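All remarks here apply to the structure that follows.
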Amino acid sequence: MSTHLYKGTAKKEYGKLEKGMSVEIIIRNASRPPSQREVIDAINQKYGTNTAVNGLSLSNFEIRKL
């Protein structure tokens with residue numbers, strides 16, 4: 001079982017999402033980066049509902065493996 005930690009940081013403003021907002025996402029049992037849904041859910045959990053909206057592209061984020 002492998003666990004990978006990723007950090008997603010917003011590169012630009014989009015609605016309520018501010019540049020620089022970031023989240024850490026743990027991916028278990030897979031070596032893939034986080035999905036769009038996982039990033040949106042993590043942002044909304046950390047910063048409040050509807051901070052990141054459906055349709056927000058992963059291109060708005062810098063995703064780094066830690």
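Each chain of the structure tokens is named A, B, ... in the order shown, its residues numbered from 1; ligands are numbered from 1 in display order.
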Among range 22-56 of chain A, which ones does DSSP assign to strand (DSSP E) (computed from the backbone)? Answer as a tab-separated table (two decimals) with N, CA, C and O atoms, in the first residue's frame.
```tsv
chain	number	residue	atom	x	y	z
A	22	SER	N	-4.15	27.10	-0.92
A	22	SER	CA	-3.57	25.79	-1.16
A	22	SER	C	-4.17	24.73	-0.26
A	22	SER	O	-4.73	25.03	0.80
A	23	VAL	N	-4.06	23.49	-0.71
A	23	VAL	CA	-4.52	22.33	0.05
A	23	VAL	C	-3.52	21.20	-0.14
A	23	VAL	O	-2.80	21.14	-1.14
A	24	GLU	N	-3.49	20.32	0.83
A	24	GLU	CA	-2.72	19.09	0.72
A	24	GLU	C	-3.70	17.94	0.57
A	24	GLU	O	-4.72	17.89	1.26
A	25	ILE	N	-3.39	17.04	-0.35
A	25	ILE	CA	-4.28	15.93	-0.66
A	25	ILE	C	-3.49	14.63	-0.59
A	25	ILE	O	-2.43	14.52	-1.20
A	26	ILE	N	-4.02	13.67	0.14
A	26	ILE	CA	-3.39	12.36	0.26
A	26	ILE	C	-4.08	11.41	-0.71
A	26	ILE	O	-5.31	11.31	-0.73
A	27	ILE	N	-3.26	10.71	-1.50
A	27	ILE	CA	-3.76	9.69	-2.41
A	27	ILE	C	-3.23	8.35	-1.91
A	27	ILE	O	-2.02	8.17	-1.80
A	28	ARG	N	-4.14	7.44	-1.61
A	28	ARG	CA	-3.75	6.12	-1.09
A	28	ARG	C	-3.93	5.06	-2.17
A	28	ARG	O	-4.88	5.11	-2.95
```
Residues within 6 Å of range 51-62 of chain A, only C-alpha atoms, excluding chain neighbours under 4 positions, as a PDB file with N, CA and C atoms, in the first residue's frame:
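selection.pdb was written with the following content:
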```
ATOM      1  N   GLY A   8      -1.774  21.288  -3.816  1.00  0.00           N
ATOM      2  CA  GLY A   8      -2.357  22.062  -4.907  1.00  0.00           C
ATOM      3  C   GLY A   8      -2.455  23.517  -4.494  1.00  0.00           C
ATOM      4  N   THR A   9      -1.896  24.416  -5.303  1.00  0.00           N
ATOM      5  CA  THR A   9      -1.904  25.848  -5.011  1.00  0.00           C
ATOM      6  C   THR A   9      -2.540  26.591  -6.184  1.00  0.00           C
ATOM      7  N   ALA A  10      -3.505  27.459  -5.882  1.00  0.00           N
ATOM      8  CA  ALA A  10      -4.185  28.226  -6.935  1.00  0.00           C
ATOM      9  C   ALA A  10      -3.209  29.198  -7.582  1.00  0.00           C
ATOM     10  N   LYS A  11      -3.173  29.201  -8.913  1.00  0.00           N
ATOM     11  CA  LYS A  11      -2.274  30.088  -9.661  1.00  0.00           C
ATOM     12  C   LYS A  11      -2.929  31.423  -9.993  1.00  0.00           C
ATOM     13  N   LYS A  16     -14.584  32.843  -5.936  1.00  0.00           N
ATOM     14  CA  LYS A  16     -14.144  33.047  -4.556  1.00  0.00           C
ATOM     15  C   LYS A  16     -12.741  32.503  -4.308  1.00  0.00           C
ATOM     16  N   LEU A  17     -12.215  31.752  -5.252  1.00  0.00           N
ATOM     17  CA  LEU A  17     -10.879  31.187  -5.122  1.00  0.00           C
ATOM     18  C   LEU A  17      -9.840  32.284  -5.317  1.00  0.00           C
ATOM     19  N   GLN A  36      -9.588  16.380 -10.509  1.00  0.00           N
ATOM     20  CA  GLN A  36     -10.265  17.678 -10.411  1.00  0.00           C
ATOM     21  C   GLN A  36     -11.242  17.680  -9.233  1.00  0.00           C
ATOM     22  N   ILE A  40     -11.178  20.150  -5.885  1.00  0.00           N
ATOM     23  CA  ILE A  40     -12.332  21.009  -5.577  1.00  0.00           C
ATOM     24  C   ILE A  40     -12.883  20.680  -4.191  1.00  0.00           C
ATOM     25  N   ASN A  44     -12.959  23.266  -0.949  1.00  0.00           N
ATOM     26  CA  ASN A  44     -14.230  23.600  -0.295  1.00  0.00           C
ATOM     27  C   ASN A  44     -14.257  23.164   1.165  1.00  0.00           C
TER      28      ASN A  44
END
```
Report as a PDB file with N, CA, C and O atoms, in the first residue's frame all protein, DNA and RNA residues lying within 8 Å of Ser2 in chain A, evaluated on only C-alpha atoms, omitting residues in the same chain fewer than 4 positions from it.
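Output (result27.pdb):
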```pdb
ATOM      1  N   ARG A  28      -4.136   7.438  -1.607  1.00  0.00           N
ATOM      2  CA  ARG A  28      -3.752   6.122  -1.092  1.00  0.00           C
ATOM      3  C   ARG A  28      -3.931   5.061  -2.169  1.00  0.00           C
ATOM      4  O   ARG A  28      -4.876   5.114  -2.948  1.00  0.00           O
ATOM      5  N   ASN A  29      -3.015   4.116  -2.181  1.00  0.00           N
ATOM      6  CA  ASN A  29      -3.090   2.931  -3.048  1.00  0.00           C
ATOM      7  C   ASN A  29      -3.099   3.270  -4.536  1.00  0.00           C
ATOM      8  O   ASN A  29      -3.674   2.538  -5.332  1.00  0.00           O
ATOM      9  N   ALA A  30      -2.508   4.385  -4.911  1.00  0.00           N
ATOM     10  CA  ALA A  30      -2.399   4.760  -6.323  1.00  0.00           C
ATOM     11  C   ALA A  30      -1.251   5.754  -6.462  1.00  0.00           C
ATOM     12  O   ALA A  30      -0.948   6.488  -5.532  1.00  0.00           O
ATOM     13  N   SER A  31      -0.639   5.785  -7.616  1.00  0.00           N
ATOM     14  CA  SER A  31       0.475   6.709  -7.834  1.00  0.00           C
ATOM     15  C   SER A  31       0.079   7.872  -8.740  1.00  0.00           C
ATOM     16  O   SER A  31       0.922   8.563  -9.286  1.00  0.00           O
TER      17      SER A  31
END
```
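Of the listed residues A:Gln45, A:Asn50, A:Pro33, A:Lys7, the one whose atoms come nearest to Gly20 in chain A is A:Lys7, with distances taken using only C-alpha atoms.
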Of the listed residues A:Lys46, A:Tyr14, A:Asp41, A:Arg32, that which approaches Ile63 in chain A most closely, counting only C-alpha atoms: A:Arg32
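Proximity of A:Met21, A:Leu66, A:Arg37, A:Gly48 to Tyr6 in chain A, computed with only C-alpha atoms, is greatest for A:Leu66.
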Using DSSP on the backbone, list every residue of chain A that comes out as alpha helix (DSSP H), and give them as a PyMOL selection string. chain A and resi 36-47
